[in-house]
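*Asks:* What follows is the file entry.txt, containing compact mmCIF, C-alpha atoms and all ligand atoms:
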# COMPACT_ATOMS: atom_id res chain seq x y z
CA MET F 537 0.03 -8.28 29.20
CA MET F 538 1.88 -6.51 26.40
CA ASN F 539 3.62 -8.73 23.89
CA SER F 540 6.86 -7.72 22.28
CA VAL F 541 6.15 -8.02 18.57
CA LYS F 542 8.66 -7.55 15.77
CA ILE F 543 8.03 -7.95 12.09
CA TYR F 544 10.76 -8.29 9.48
CA SER F 545 9.34 -7.25 6.16
CA THR F 546 9.93 -5.84 2.69
CA PRO F 547 7.92 -2.93 1.26
CA THR F 548 6.54 -5.00 -1.63
CA CYS F 549 5.45 -8.07 0.29
CA VAL F 550 1.69 -8.58 0.41
CA TYR F 551 1.72 -11.02 3.30
CA CYS F 552 3.71 -8.51 5.36
CA LYS F 553 0.95 -5.95 4.74
CA MET F 554 -1.64 -8.51 5.74
CA ALA F 555 0.20 -9.21 8.98
CA LYS F 556 0.50 -5.48 9.75
CA ASP F 557 -3.18 -4.96 8.99
CA PHE F 558 -3.93 -7.79 11.36
CA PHE F 559 -1.88 -6.14 14.12
CA GLN F 560 -3.61 -2.81 13.58
CA LYS F 561 -7.04 -4.39 13.59
CA HIS F 562 -6.31 -6.06 16.91
CA ASN F 563 -4.47 -3.10 18.44
CA VAL F 564 -1.20 -4.96 18.66
CA LYS F 565 1.84 -2.68 18.93
CA TYR F 566 4.69 -3.86 16.73
CA GLU F 567 8.14 -2.85 15.67
CA GLU F 568 8.91 -3.12 11.96
CA PHE F 569 12.25 -3.81 10.31
CA ASN F 570 12.55 -3.25 6.59
CA VAL F 571 15.03 -5.93 5.54
CA ALA F 572 15.30 -4.47 2.04
CA GLU F 573 17.25 -1.56 3.58
CA ASP F 574 18.41 -2.70 6.98
CA GLU F 575 21.22 -5.22 6.59
CA LYS F 576 21.60 -5.85 10.29
CA ALA F 577 17.92 -6.71 10.54
CA ARG F 578 18.18 -8.97 7.50
CA ALA F 579 20.98 -10.97 9.11
CA GLU F 580 19.04 -11.11 12.38
CA MET F 581 15.96 -12.34 10.56
CA VAL F 582 17.85 -15.13 8.79
CA GLN F 583 19.57 -16.11 12.01
CA LYS F 584 16.29 -16.24 13.95
CA SER F 585 14.20 -18.02 11.34
CA GLN F 586 16.87 -20.07 9.55
CA GLN F 587 15.21 -19.23 6.26
CA LEU F 588 15.07 -16.50 3.63
CA GLY F 589 11.42 -15.49 3.22
CA VAL F 590 9.39 -12.60 4.59
CA PRO F 591 7.51 -11.86 6.69
CA VAL F 592 9.21 -13.17 9.81
CA ILE F 593 7.32 -12.32 12.97
CA ASP F 594 8.88 -12.51 16.40
CA ILE F 595 6.38 -12.60 19.27
CA ASP F 596 8.20 -12.72 22.60
CA GLY F 597 10.88 -14.87 20.98
CA LYS F 598 8.46 -17.21 19.22
CA ILE F 599 9.23 -17.10 15.50
CA ILE F 600 6.48 -17.28 12.92
CA VAL F 601 7.33 -17.38 9.22
CA GLY F 602 4.72 -16.10 6.80
CA PHE F 603 1.26 -14.79 7.54
CA SER F 604 -1.21 -17.11 9.21
CA GLU F 605 -4.11 -15.49 10.99
CA SER F 606 -4.73 -18.55 13.15
CA GLU F 607 -1.08 -18.82 14.23
CA LEU F 608 -0.92 -15.13 15.10
CA LYS F 609 -4.15 -15.34 17.07
CA LYS F 610 -2.78 -18.26 19.03
CA ALA F 611 0.55 -16.59 19.73
CA LEU F 612 -1.12 -13.33 20.81
CA ASP F 613 -3.98 -15.02 22.63
CA ILE F 614 -6.64 -13.27 20.52
CA LYS F 615 -10.04 -14.93 20.35
CA MET Z 796 -30.12 -27.58 1.83
CA TYR Z 797 -28.52 -24.83 -0.26
CA ASP Z 798 -29.58 -23.85 -3.76
CA LEU Z 799 -25.98 -23.12 -4.64
CA VAL Z 800 -22.58 -23.76 -3.12
CA ILE Z 801 -19.79 -21.68 -4.68
CA ILE Z 802 -16.27 -22.97 -4.22
CA GLY Z 803 -13.57 -20.30 -4.55
CA GLY Z 804 -12.92 -16.74 -3.37
CA GLY Z 805 -11.11 -15.25 -6.35
CA PRO Z 806 -12.78 -12.78 -8.72
CA GLY Z 807 -14.90 -15.65 -10.10
CA GLY Z 808 -16.17 -16.94 -6.76
CA VAL Z 809 -16.78 -13.48 -5.34
CA ALA Z 810 -18.69 -12.26 -8.39
CA ALA Z 811 -20.80 -15.42 -8.21
CA GLY Z 812 -21.46 -14.90 -4.49
CA ILE Z 813 -22.73 -11.38 -5.08
CA TYR Z 814 -25.03 -12.50 -7.89
CA GLY Z 815 -26.24 -15.56 -6.01
CA ALA Z 816 -27.18 -13.50 -2.95
CA ARG Z 817 -28.86 -10.78 -5.01
CA LYS Z 818 -30.90 -13.40 -6.84
CA LYS Z 819 -32.08 -14.52 -3.38
CA MET Z 820 -30.86 -18.03 -3.92
CA LYS Z 821 -29.85 -19.81 -0.73
CA THR Z 822 -26.12 -19.58 -1.33
CA ALA Z 823 -22.97 -20.62 0.49
CA LEU Z 824 -19.42 -19.72 -0.50
CA VAL Z 825 -16.33 -21.69 0.51
CA ALA Z 826 -12.92 -20.13 0.00
CA GLY Z 827 -9.34 -20.56 1.06
CA ASP Z 828 -8.81 -16.83 0.73
CA PHE Z 829 -10.27 -13.79 -0.99
CA GLY Z 830 -8.84 -12.24 -4.11
CA GLY Z 831 -7.19 -15.32 -5.55
CA GLN Z 832 -4.01 -15.28 -7.57
CA SER Z 833 -3.61 -11.57 -8.26
CA LYS Z 834 -3.62 -10.76 -4.57
CA VAL Z 835 0.19 -10.84 -4.63
CA SER Z 836 0.37 -8.60 -7.68
CA ALA Z 837 2.15 -5.30 -6.99
CA GLU Z 838 -0.37 -3.48 -9.14
CA ILE Z 839 -3.45 -4.48 -11.12
CA GLN Z 840 -4.09 -2.04 -13.95
CA ASN Z 841 -6.91 -3.66 -15.88
CA TRP Z 842 -9.73 -4.32 -13.42
CA VAL Z 843 -12.46 -2.42 -15.18
CA GLY Z 844 -13.33 0.80 -13.36
CA VAL Z 845 -10.08 1.07 -11.40
CA LYS Z 846 -6.98 2.58 -13.04
CA ALA Z 847 -4.46 0.99 -10.71
CA ILE Z 848 -4.65 -0.82 -7.39
CA SER Z 849 -2.38 -3.13 -5.41
CA GLY Z 850 -3.45 -6.76 -5.43
CA PHE Z 851 -3.90 -6.68 -1.70
CA ALA Z 852 -6.15 -3.60 -1.66
CA TRP Z 853 -8.12 -5.04 -4.55
CA ALA Z 854 -8.68 -8.33 -2.75
CA LYS Z 855 -10.05 -6.32 0.19
CA THR Z 856 -12.59 -4.57 -2.06
CA LEU Z 857 -13.80 -7.95 -3.29
CA GLU Z 858 -14.12 -9.28 0.23
CA ASP Z 859 -15.96 -6.16 1.45
CA HIS Z 860 -18.41 -6.27 -1.45
CA LEU Z 861 -19.07 -9.94 -0.81
CA ARG Z 862 -19.55 -9.56 2.94
CA ALA Z 863 -22.04 -6.73 2.34
CA GLN Z 864 -24.48 -9.23 0.80
CA GLU Z 865 -27.37 -10.40 2.93
CA GLY Z 866 -28.28 -14.03 3.37
CA LEU Z 867 -24.99 -15.42 2.10
CA ASP Z 868 -23.19 -18.06 4.19
CA ILE Z 869 -19.42 -17.66 3.97
CA PHE Z 870 -17.02 -20.42 4.99
CA GLN Z 871 -13.55 -18.86 4.96
CA PRO Z 872 -10.81 -19.86 5.50
CA ASP Z 873 -11.84 -23.37 4.58
CA LEU Z 874 -11.40 -25.70 1.63
CA ALA Z 875 -13.68 -28.04 -0.25
CA THR Z 876 -12.09 -31.49 -0.20
CA LYS Z 877 -14.76 -33.50 -1.98
CA VAL Z 878 -17.94 -33.11 -4.00
CA GLU Z 879 -20.22 -36.14 -4.33
CA LYS Z 880 -23.72 -36.90 -5.51
CA SER Z 881 -26.26 -36.95 -2.71
CA GLY Z 882 -29.94 -37.54 -3.40
CA GLU Z 883 -31.17 -35.03 -5.97
CA GLY Z 884 -28.16 -32.80 -5.42
CA PHE Z 885 -24.64 -32.84 -4.03
CA ALA Z 886 -22.70 -32.94 -0.78
CA VAL Z 887 -19.64 -30.71 -0.50
CA SER Z 888 -17.20 -31.78 2.23
CA LEU Z 889 -15.07 -29.13 3.85
CA GLN Z 890 -11.65 -29.52 5.41
CA GLY Z 891 -13.02 -27.93 8.58
CA GLY Z 892 -15.37 -30.92 8.95
CA LYS Z 893 -18.69 -29.50 7.71
CA LYS Z 894 -20.71 -31.08 4.93
CA LEU Z 895 -22.89 -28.79 2.81
CA GLU Z 896 -25.93 -30.24 1.03
CA THR Z 897 -26.84 -28.34 -2.11
CA ARG Z 898 -28.84 -28.53 -5.30
CA THR Z 899 -26.07 -27.03 -7.47
CA VAL Z 900 -22.34 -26.38 -7.28
CA LEU Z 901 -20.19 -23.75 -8.96
CA VAL Z 902 -16.48 -24.58 -9.04
CA ALA Z 903 -14.34 -21.43 -9.24
CA THR Z 904 -11.19 -22.68 -7.58
CA GLY Z 905 -8.75 -21.16 -10.06
CA SER Z 906 -5.22 -22.45 -10.28
CA SER Z 907 -2.10 -22.84 -8.15
CA ARG Z 908 1.57 -22.44 -8.86
CA LYS Z 909 3.42 -25.42 -10.27
CA LYS Z 910 6.48 -26.71 -8.49
CA LEU Z 911 9.60 -27.97 -10.19
CA ASP Z 912 9.43 -31.38 -8.54
CA ILE Z 913 13.18 -31.86 -8.51
CA PRO Z 914 15.49 -32.92 -5.68
CA GLY Z 915 16.24 -30.11 -3.26
CA GLU Z 916 13.21 -28.00 -4.05
CA LYS Z 917 11.28 -29.08 -0.98
CA GLU Z 918 14.26 -29.33 1.37
CA PHE Z 919 15.35 -25.78 0.55
CA ASP Z 920 11.90 -24.20 0.34
CA GLY Z 921 12.39 -20.88 2.12
CA LYS Z 922 16.11 -21.59 2.40
CA GLY Z 923 16.91 -20.17 -1.00
CA VAL Z 924 14.05 -21.66 -2.99
CA ALA Z 925 11.35 -19.04 -3.39
CA TYR Z 926 8.12 -18.47 -5.25
CA CYS Z 927 7.49 -14.74 -4.86
CA ALA Z 928 10.17 -12.43 -6.23
CA THR Z 929 8.07 -9.35 -5.46
CA CYS Z 930 8.13 -10.38 -1.80
CA ASP Z 931 11.57 -11.85 -1.30
CA ALA Z 932 13.90 -10.21 -3.86
CA PRO Z 933 15.38 -7.72 -1.33
CA ILE Z 934 16.65 -10.56 0.84
CA PHE Z 935 18.90 -11.58 -2.03
CA LYS Z 936 20.70 -8.27 -2.11
CA ASP Z 937 24.24 -8.70 -3.50
CA LYS Z 938 23.62 -12.42 -3.92
CA ILE Z 939 23.48 -14.61 -7.01
CA THR Z 940 20.04 -15.81 -8.00
CA ALA Z 941 18.32 -17.74 -10.77
CA VAL Z 942 14.79 -17.66 -12.08
CA ILE Z 943 13.40 -20.84 -13.62
CA GLY Z 944 10.88 -20.17 -16.37
CA GLY Z 945 10.96 -17.70 -19.24
CA GLY Z 946 7.27 -16.75 -19.41
CA ASN Z 947 5.90 -13.41 -18.23
CA ALA Z 948 6.01 -14.31 -14.55
CA GLY Z 949 9.62 -15.41 -14.89
CA LEU Z 950 10.65 -12.24 -16.70
CA GLU Z 951 8.95 -10.09 -14.06
CA ALA Z 952 10.79 -12.00 -11.37
CA VAL Z 953 14.10 -11.32 -13.11
CA LEU Z 954 13.32 -7.59 -13.18
CA ASP Z 955 12.49 -7.64 -9.45
CA LEU Z 956 15.72 -9.46 -8.69
CA LEU Z 957 17.91 -7.20 -10.86
CA ASN Z 958 17.12 -4.41 -8.41
CA TYR Z 959 19.00 -6.29 -5.69
CA SER Z 960 21.02 -9.31 -6.77
CA LYS Z 961 24.50 -8.91 -8.22
CA LYS Z 962 23.82 -11.57 -10.84
CA VAL Z 963 20.56 -13.10 -12.09
CA TYR Z 964 20.35 -16.17 -14.31
CA LEU Z 965 17.20 -16.90 -16.25
CA LEU Z 966 16.79 -20.56 -17.18
CA GLU Z 967 14.29 -21.57 -19.81
CA TYR Z 968 13.61 -25.11 -20.99
CA SER Z 969 12.66 -24.28 -24.58
CA ASP Z 970 14.84 -22.51 -27.14
CA ARG Z 971 13.32 -19.08 -26.62
CA LEU Z 972 11.71 -16.85 -24.03
CA THR Z 973 7.94 -16.51 -24.35
CA GLY Z 974 7.22 -13.48 -22.15
CA ASP Z 975 6.57 -9.90 -23.14
CA ALA Z 976 9.09 -8.59 -25.73
CA ALA Z 977 9.62 -5.23 -24.00
CA THR Z 978 10.50 -6.98 -20.73
CA GLN Z 979 12.88 -9.30 -22.59
CA GLU Z 980 14.69 -6.27 -24.01
CA LYS Z 981 15.12 -4.77 -20.54
CA ILE Z 982 16.62 -8.00 -19.27
CA LYS Z 983 18.96 -8.42 -22.23
CA ALA Z 984 20.17 -4.85 -21.70
CA SER Z 985 21.25 -5.54 -18.12
CA PRO Z 986 24.88 -6.58 -17.65
CA LYS Z 987 23.83 -8.43 -14.49
CA ALA Z 988 21.38 -10.75 -16.26
CA GLU Z 989 22.28 -13.93 -18.09
CA VAL Z 990 19.73 -15.92 -20.09
CA ILE Z 991 20.35 -19.66 -20.46
CA LEU Z 992 18.06 -21.33 -22.98
CA GLN Z 993 17.38 -25.05 -23.39
CA ALA Z 994 18.27 -25.59 -19.78
CA GLU Z 995 16.34 -28.07 -17.65
CA ALA Z 996 16.69 -27.60 -13.90
CA LYS Z 997 17.64 -30.95 -12.34
CA GLU Z 998 18.66 -30.44 -8.75
CA ILE Z 999 18.96 -27.74 -6.12
CA PHE Z 1000 21.67 -28.30 -3.55
CA GLY Z 1001 23.26 -26.64 -0.57
CA ASP Z 1002 24.01 -27.14 3.12
CA LYS Z 1003 21.94 -24.96 5.44
CA PHE Z 1004 20.91 -22.74 2.54
CA VAL Z 1005 21.01 -23.15 -1.21
CA THR Z 1006 24.50 -22.99 -2.69
CA GLY Z 1007 23.88 -24.15 -6.23
CA LEU Z 1008 21.76 -25.55 -9.02
CA LYS Z 1009 22.36 -28.38 -11.47
CA TYR Z 1010 20.79 -28.18 -14.88
CA GLN Z 1011 20.96 -30.16 -18.06
CA ASP Z 1012 21.95 -28.47 -21.28
CA VAL Z 1013 19.21 -30.06 -23.37
CA PRO Z 1014 20.95 -30.23 -26.80
CA SER Z 1015 24.15 -31.84 -25.48
CA GLY Z 1016 22.67 -33.69 -22.49
CA ASN Z 1017 25.53 -32.36 -20.34
CA ILE Z 1018 24.88 -31.56 -16.68
CA LYS Z 1019 26.12 -28.13 -15.64
CA GLU Z 1020 26.32 -26.39 -12.31
CA LEU Z 1021 25.68 -22.83 -11.21
CA LYS Z 1022 26.87 -21.44 -7.91
CA LEU Z 1023 24.08 -19.36 -6.47
CA ASP Z 1024 22.12 -18.42 -3.34
CA GLY Z 1025 18.54 -18.28 -4.52
CA VAL Z 1026 16.25 -20.06 -6.99
CA PHE Z 1027 12.92 -18.45 -7.91
CA VAL Z 1028 10.46 -20.88 -9.46
CA GLU Z 1029 8.10 -19.49 -12.11
CA VAL Z 1030 7.05 -22.49 -14.16
CA GLY Z 1031 3.35 -21.86 -14.59
CA SER Z 1032 0.29 -23.14 -12.82
CA TYR Z 1033 -2.15 -26.04 -12.66
CA PRO Z 1034 -5.94 -25.95 -12.21
CA ASN Z 1035 -7.35 -26.75 -8.76
CA SER Z 1036 -9.71 -29.43 -10.01
CA GLY Z 1037 -8.45 -32.44 -8.05
CA PHE Z 1038 -11.45 -32.58 -5.74
CA VAL Z 1039 -13.90 -33.03 -8.67
CA LYS Z 1040 -11.75 -35.44 -10.67
CA GLY Z 1041 -13.88 -38.42 -11.73
CA LEU Z 1042 -17.05 -36.39 -11.22
CA VAL Z 1043 -16.82 -33.99 -14.16
CA LYS Z 1044 -14.82 -34.22 -17.39
CA LEU Z 1045 -11.37 -32.61 -17.39
CA ASN Z 1046 -9.11 -31.94 -20.36
CA ASP Z 1047 -5.48 -33.11 -20.59
CA CYS Z 1048 -4.31 -30.11 -18.58
CA GLY Z 1049 -6.76 -30.91 -15.77
CA GLU Z 1050 -9.05 -28.00 -16.64
CA ILE Z 1051 -12.79 -28.57 -16.25
CA ILE Z 1052 -14.42 -28.70 -19.67
CA VAL Z 1053 -17.37 -26.29 -19.83
CA ASP Z 1054 -19.95 -25.16 -22.33
CA HIS Z 1055 -18.79 -21.61 -22.88
CA LYS Z 1056 -22.30 -20.30 -23.34
CA THR Z 1057 -23.62 -21.45 -19.95
CA GLN Z 1058 -20.54 -22.70 -17.99
CA THR Z 1059 -22.20 -26.09 -17.46
CA THR Z 1060 -19.86 -29.07 -17.02
CA SER Z 1061 -20.32 -32.68 -18.14
CA LEU Z 1062 -22.41 -33.36 -15.02
CA ARG Z 1063 -25.86 -31.83 -14.62
CA GLY Z 1064 -25.91 -29.67 -11.49
CA ILE Z 1065 -22.24 -28.66 -11.57
CA TRP Z 1066 -20.94 -25.50 -13.20
CA ALA Z 1067 -17.37 -24.21 -13.45
CA ALA Z 1068 -15.86 -20.82 -14.28
CA GLY Z 1069 -12.57 -18.97 -14.35
CA ASP Z 1070 -9.01 -20.33 -14.40
CA VAL Z 1071 -10.10 -23.80 -13.27
CA SER Z 1072 -12.14 -24.16 -16.48
CA ASP Z 1073 -10.93 -24.61 -20.05
CA VAL Z 1074 -11.50 -20.92 -20.78
CA LEU Z 1075 -8.89 -19.63 -23.23
CA TYR Z 1076 -8.17 -16.28 -21.54
CA LYS Z 1077 -7.26 -16.32 -17.88
CA GLN Z 1078 -7.97 -12.89 -16.50
CA ASN Z 1079 -9.74 -11.39 -13.48
CA ASN Z 1080 -12.49 -9.73 -15.48
CA VAL Z 1081 -13.04 -12.90 -17.50
CA SER Z 1082 -13.33 -15.08 -14.40
CA ALA Z 1083 -15.84 -12.67 -12.88
CA GLY Z 1084 -17.89 -12.50 -16.07
CA ASP Z 1085 -17.92 -16.25 -16.62
CA ALA Z 1086 -18.88 -16.95 -13.02
CA ILE Z 1087 -21.78 -14.50 -13.36
CA LYS Z 1088 -22.89 -16.29 -16.51
CA ALA Z 1089 -22.87 -19.50 -14.50
CA VAL Z 1090 -24.99 -18.08 -11.67
CA LEU Z 1091 -27.56 -16.66 -14.07
CA ASN Z 1092 -27.76 -20.04 -15.76
CA ILE Z 1093 -28.07 -21.78 -12.39
CA TYR Z 1094 -30.91 -19.39 -11.51
CA ASP Z 1095 -32.75 -20.39 -14.68
CA PHE Z 1096 -32.03 -24.04 -13.99
CA LEU Z 1097 -33.52 -23.89 -10.48
CA LYS Z 1098 -36.65 -21.98 -11.50
C1 LIG Y 1101 1.03 -12.59 -10.02
C2 LIG Y 1101 -0.21 -12.56 -10.89
C3 LIG Y 1101 -0.64 -11.34 -11.38
C4 LIG Y 1101 -1.80 -11.28 -12.18
N1 LIG Y 1101 -2.21 -10.05 -12.62
C5 LIG Y 1101 -3.35 -9.97 -13.32
C6 LIG Y 1101 -3.83 -8.70 -13.73
O1 LIG Y 1101 -3.20 -7.66 -13.49
N2 LIG Y 1101 -5.02 -8.65 -14.40
C7 LIG Y 1101 -5.73 -9.78 -14.70
O2 LIG Y 1101 -6.83 -9.67 -15.27
N3 LIG Y 1101 -5.30 -10.99 -14.35
C8 LIG Y 1101 -4.13 -11.12 -13.67
N4 LIG Y 1101 -3.67 -12.37 -13.31
C9 LIG Y 1101 -4.51 -13.54 -13.64
C10 LIG Y 1101 -5.67 -13.61 -12.65
O3 LIG Y 1101 -5.14 -13.53 -11.34
C11 LIG Y 1101 -6.48 -14.89 -12.80
O4 LIG Y 1101 -7.01 -14.98 -14.09
C12 LIG Y 1101 -7.62 -14.89 -11.78
O5 LIG Y 1101 -7.12 -14.85 -10.48
C13 LIG Y 1101 -8.52 -16.09 -11.93
O6 LIG Y 1101 -9.57 -15.95 -11.02
P1 LIG Y 1101 -10.40 -17.20 -10.50
O7 LIG Y 1101 -11.46 -16.64 -9.63
O8 LIG Y 1101 -10.80 -18.04 -11.64
O9 LIG Y 1101 -9.37 -18.09 -9.65
P2 LIG Y 1101 -8.27 -17.72 -8.52
O10 LIG Y 1101 -7.94 -16.29 -8.52
O11 LIG Y 1101 -7.19 -18.71 -8.72
O12 LIG Y 1101 -9.04 -18.01 -7.18
C14 LIG Y 1101 -9.28 -19.30 -6.72
C15 LIG Y 1101 -9.93 -19.23 -5.39
O13 LIG Y 1101 -10.35 -20.53 -5.01
C16 LIG Y 1101 -9.88 -20.83 -3.72
N5 LIG Y 1101 -9.73 -22.29 -3.67
C17 LIG Y 1101 -8.87 -23.09 -4.36
N6 LIG Y 1101 -9.10 -24.38 -4.07
C18 LIG Y 1101 -10.13 -24.39 -3.19
C19 LIG Y 1101 -10.84 -25.42 -2.52
N7 LIG Y 1101 -10.57 -26.71 -2.70
N8 LIG Y 1101 -11.83 -25.07 -1.67
C20 LIG Y 1101 -12.16 -23.75 -1.49
N9 LIG Y 1101 -11.53 -22.75 -2.10
C21 LIG Y 1101 -10.52 -23.07 -2.94
C22 LIG Y 1101 -8.63 -20.03 -3.54
O14 LIG Y 1101 -8.39 -19.81 -2.16
C23 LIG Y 1101 -9.04 -18.75 -4.26
O15 LIG Y 1101 -9.82 -17.95 -3.41
C24 LIG Y 1101 -2.52 -12.46 -12.52
C25 LIG Y 1101 -2.05 -13.69 -12.03
C26 LIG Y 1101 -0.92 -13.75 -11.23
C27 LIG Y 1101 -0.44 -15.07 -10.72
Please, can you express the file's structure as structure tokens?
Ligand SMILES: Cc1cc2nc3c(=O)[nH]c(=O)nc-3n(C[C@H](O)[C@H](O)[C@H](O)COP(=O)(O)OP(=O)(O)OC[C@H]3O[C@@H](n4cnc5c(N)ncnc54)[C@H](O)[C@@H]3O)c2cc1C

*Replies:*
Amino acid sequence: MMNSVKIYSTPTCVYCKMAKDFFQKHNVKYEEFNVAEDEKARAEMVQKSQQLGVPVIDIDGKIIVGFSESELKKALDIK
Amino acid sequence: MYDLVIIGGGPGGVAAGIYGARKKMKTALVAGDFGGQSKVSAEIQNWVGVKAISGFAWAKTLEDHLRAQEGLDIFQPDLATKVEKSGEGFAVSLQGGKKLETRTVLVATGSSRKKLDIPGEKEFDGKGVAYCATCDAPIFKDKITAVIGGGNAGLEAVLDLLNYSKKVYLLEYSDRLTGDAATQEKIKASPKAEVILQAEAKEIFGDKFVTGLKYQDVPSGNIKELKLDGVFVEVGSYPNSGFVKGLVKLNDCGEIIVDHKTQTTSLRGIWAAGDVSDVLYKQNNVSAGDAIKAVLNIYDFLK
């Protein structure tokens, strides 16, 4: 099953890079929104996560704030 | 039974792990993460041998070098929660439940960021209260923000925020900024920045998100209020020595007191190196060098 994965990030955020590296390593396709530029995405991110930090990751509607390998593995069912 | 358990995955811990494995000591390394504090740095420009590298890429090189060692047991991500005497050596308890028996211990757990410890900080964490300007500054585009702390980290945070926010306050408790003079000049030259000295942050408030900050004007004792959307906390760090408190001697700042020739602590069998120790200069290269000194001394000790 393919998950729908979105990441809201900024170009300078290390934990965003870590999350993206994680996706690449596990062949997870993701859509990226740069909230430094994209105001609509920024508003969407705040609305979804009710907070103001990046990264925000949306996996099939489940919202994860920050980078946690174990949480991502659980949400994506990766062993 | 290990010869050596290294606690920490920053430059100190990693350097120690490489030396421990190459000395063929039976070594385990426990770390929350790899790279330590500078991992979030946009660019490291003084790691000897590398002109410039992002903190993240640098952390990866440390991890790769460490994992290339043979015969090294790595417990990561995990945390040491307790070190206690056990027979001739020590037992290191891990958060994950394991208990490692070892003849010697090297503590290289570095330091963590201090919090303000004022009302509102916890409630609004992530809702306007932030600790990484490099990461989160863009989200405060056209907003009003404040940085608490006028050291280097605070000044850097102000520069990051000036790229996005329409107004940036810098609050400092003492009567002058301590950070780099050139950075101070840049900030003073910006019409969007306002430095408030002798200001003690007292309370962060808001509804769903932060809407303001109360601070005390230290000379007059008056409480003042700023309307703002974001508060970036840059008030220094504290050593991660809590799990060996009572076991080895600490100084008033909580740093582990070491003999700077050998990195030994007050307790035979335990060494410490890097930012968690009372070393004067807290730098990546220094942590690595001191941790290597410790491992070489441990090797001699075990012979
Ligand atoms: C933003 C920033 C930028 C910096 N830039 C530079 C720079 O450009 N050049 C430079 O030389 N220095 C720089 N420094 C300073 C440098 O990062 C530190 O001196 C260095 O990280 C200290 O290394 P360390 O190994 O002693 O500890 P740390 O880097 O603090 O590493 C501690 C390690 O211990 C782990 N740990 C903590 N507690 C436990 C526990 N209980 N159990 C297991 N593991 C634990 C952590 O996960 C981490 O892996 C910077 C610092 C910051 C904050």

*Asks:* Please determine the contact residues of chain Z with respect to chain F at a cut-off of 9 Å, counting all atoms listed in the file, and supply them as a list in words.

*Replies:*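 Close to chain F, chain Z has Lys834, Val835, Ser836, Ala837, Ser849, Gly850, Phe851, Phe919, Asp920, Gly921, Lys922, Gly923, Val924, Ala925, Cys927, Thr929, Cys930, Asp931, Ala932, Pro933, Ile934, Phe935, Lys936, Tyr959, Lys1003 and Phe1004 of chain Z.
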
*Asks:* Find the residues around Ile599 of chain F up to 9 Å (all atoms listed in the file counted), leave out those fewer than 4 positions away in its own chain, and share them as a list of chain:residue names.

*Replies:*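 Final neighbour list, sorted by chain and number: F:Lys584, F:Ser585, F:Val592, F:Ile593, F:Asp594, F:Ile595.
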
*Asks:* Quick one: write out the picked residues with C-alpha atoms as an mmCIF file, in the frame of the given file?

*Replies:*
data_model
loop_
_atom_site.group_PDB
_atom_site.id
_atom_site.type_symbol
_atom_site.label_atom_id
_atom_site.label_comp_id
_atom_site.auth_asym_id
_atom_site.auth_seq_id
_atom_site.Cartn_x
_atom_site.Cartn_y
_atom_site.Cartn_z
ATOM 1 C CA LYS F 584 16.290 -16.240 13.950
ATOM 2 C CA SER F 585 14.200 -18.020 11.340
ATOM 3 C CA VAL F 592 9.210 -13.170 9.810
ATOM 4 C CA ILE F 593 7.320 -12.320 12.970
ATOM 5 C CA ASP F 594 8.880 -12.510 16.400
ATOM 6 C CA ILE F 595 6.380 -12.600 19.270
#

*Asks:* So which residues are close to (-0.1, -14.5, 17.2), meaning at most 12 Å away in the file's coordinates with all atoms listed in the file counted, and can you show them as a count of residues only?

*Replies:* 36

*Asks:* Interatomic distance between atom CA of Glu838 of chain Z and atom O1 of ligand LIG 1101 (chain Y)?

*Replies:*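 One can read the atom CA of Glu838 of chain Z to atom O1 of ligand LIG 1101 (chain Y) distance as 6.7 Å.
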
*Asks:* So the first atom is atom CA of Gly1037 of chain Z and the second is atom CA of Ala1067 of chain Z; what is the distance between them in Å, to one decimal place?

*Replies:*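 It comes out at 13.3 Å.
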
*Asks:* Need to verify the contact set: segment 1009-1016 of chain Z, 7 Å, all atoms listed in the file, exclusion of same-chain residues closer than 3 positions in sequence. Can you return it as a PyMOL selection string?

*Replies:* chain Z and resi 993-999+1019-1021

*Asks:* Could the residues in this selection be saved with C-alpha atoms as a compact mmCIF listing (two decimals), keeping the file's coordinate frame?

*Replies:*
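Result file follows (part_4.txt):
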# COMPACT_ATOMS: atom_id res chain seq x y z
CA GLN Z 993 17.38 -25.05 -23.39
CA ALA Z 994 18.27 -25.59 -19.78
CA GLU Z 995 16.34 -28.07 -17.65
CA ALA Z 996 16.69 -27.60 -13.90
CA LYS Z 997 17.64 -30.95 -12.34
CA GLU Z 998 18.66 -30.44 -8.75
CA ILE Z 999 18.96 -27.74 -6.12
CA LYS Z 1019 26.12 -28.13 -15.64
CA GLU Z 1020 26.32 -26.39 -12.31
CA LEU Z 1021 25.68 -22.83 -11.21

*Asks:* Mind checking which residues fall within 8 Å of Ile801 of chain Z, counting all atoms listed in the file, ignoring those fewer than 2 positions away in the same chain, and posting them as a PyMOL selection string?

*Replies:* chain Z and resi 799+803+808+811-812+822-825+900-903

*Asks:* Given all atoms listed in the file as the basis, pick out the residue of Z:Gly949, Z:Gly1064, Z:Gly891, Z:Gly807 nearest to ligand LIG 1101 (chain Y).

*Replies:* Z:Gly807

*Asks:* When distances are computed from all atoms listed in the file, which of Z:Ala952, Z:Ile802, Z:Ala810, Z:Val878 shows the smallest separation from ligand LIG 1101 (chain Y)?

*Replies:* Z:Ile802

*Asks:* Just the number, please: distance in Å from atom CA of Ser969 of chain Z to atom CA of Gly946 of chain Z, one decimal.

*Replies:*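 Atom CA of Ser969 of chain Z sits 10.6 Å away from atom CA of Gly946 of chain Z.
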
*Asks:* For segment 538-542 of chain F, I'd like the enclosing box, axis-aligned and padded by 8 Å on every side, reported as JSON with centre and edge lengths in Å to one decimal.

*Replies:*
{"center_x": 5.3, "center_y": -7.6, "center_z": 21.1, "size_x": 22.8, "size_y": 18.2, "size_z": 26.6}
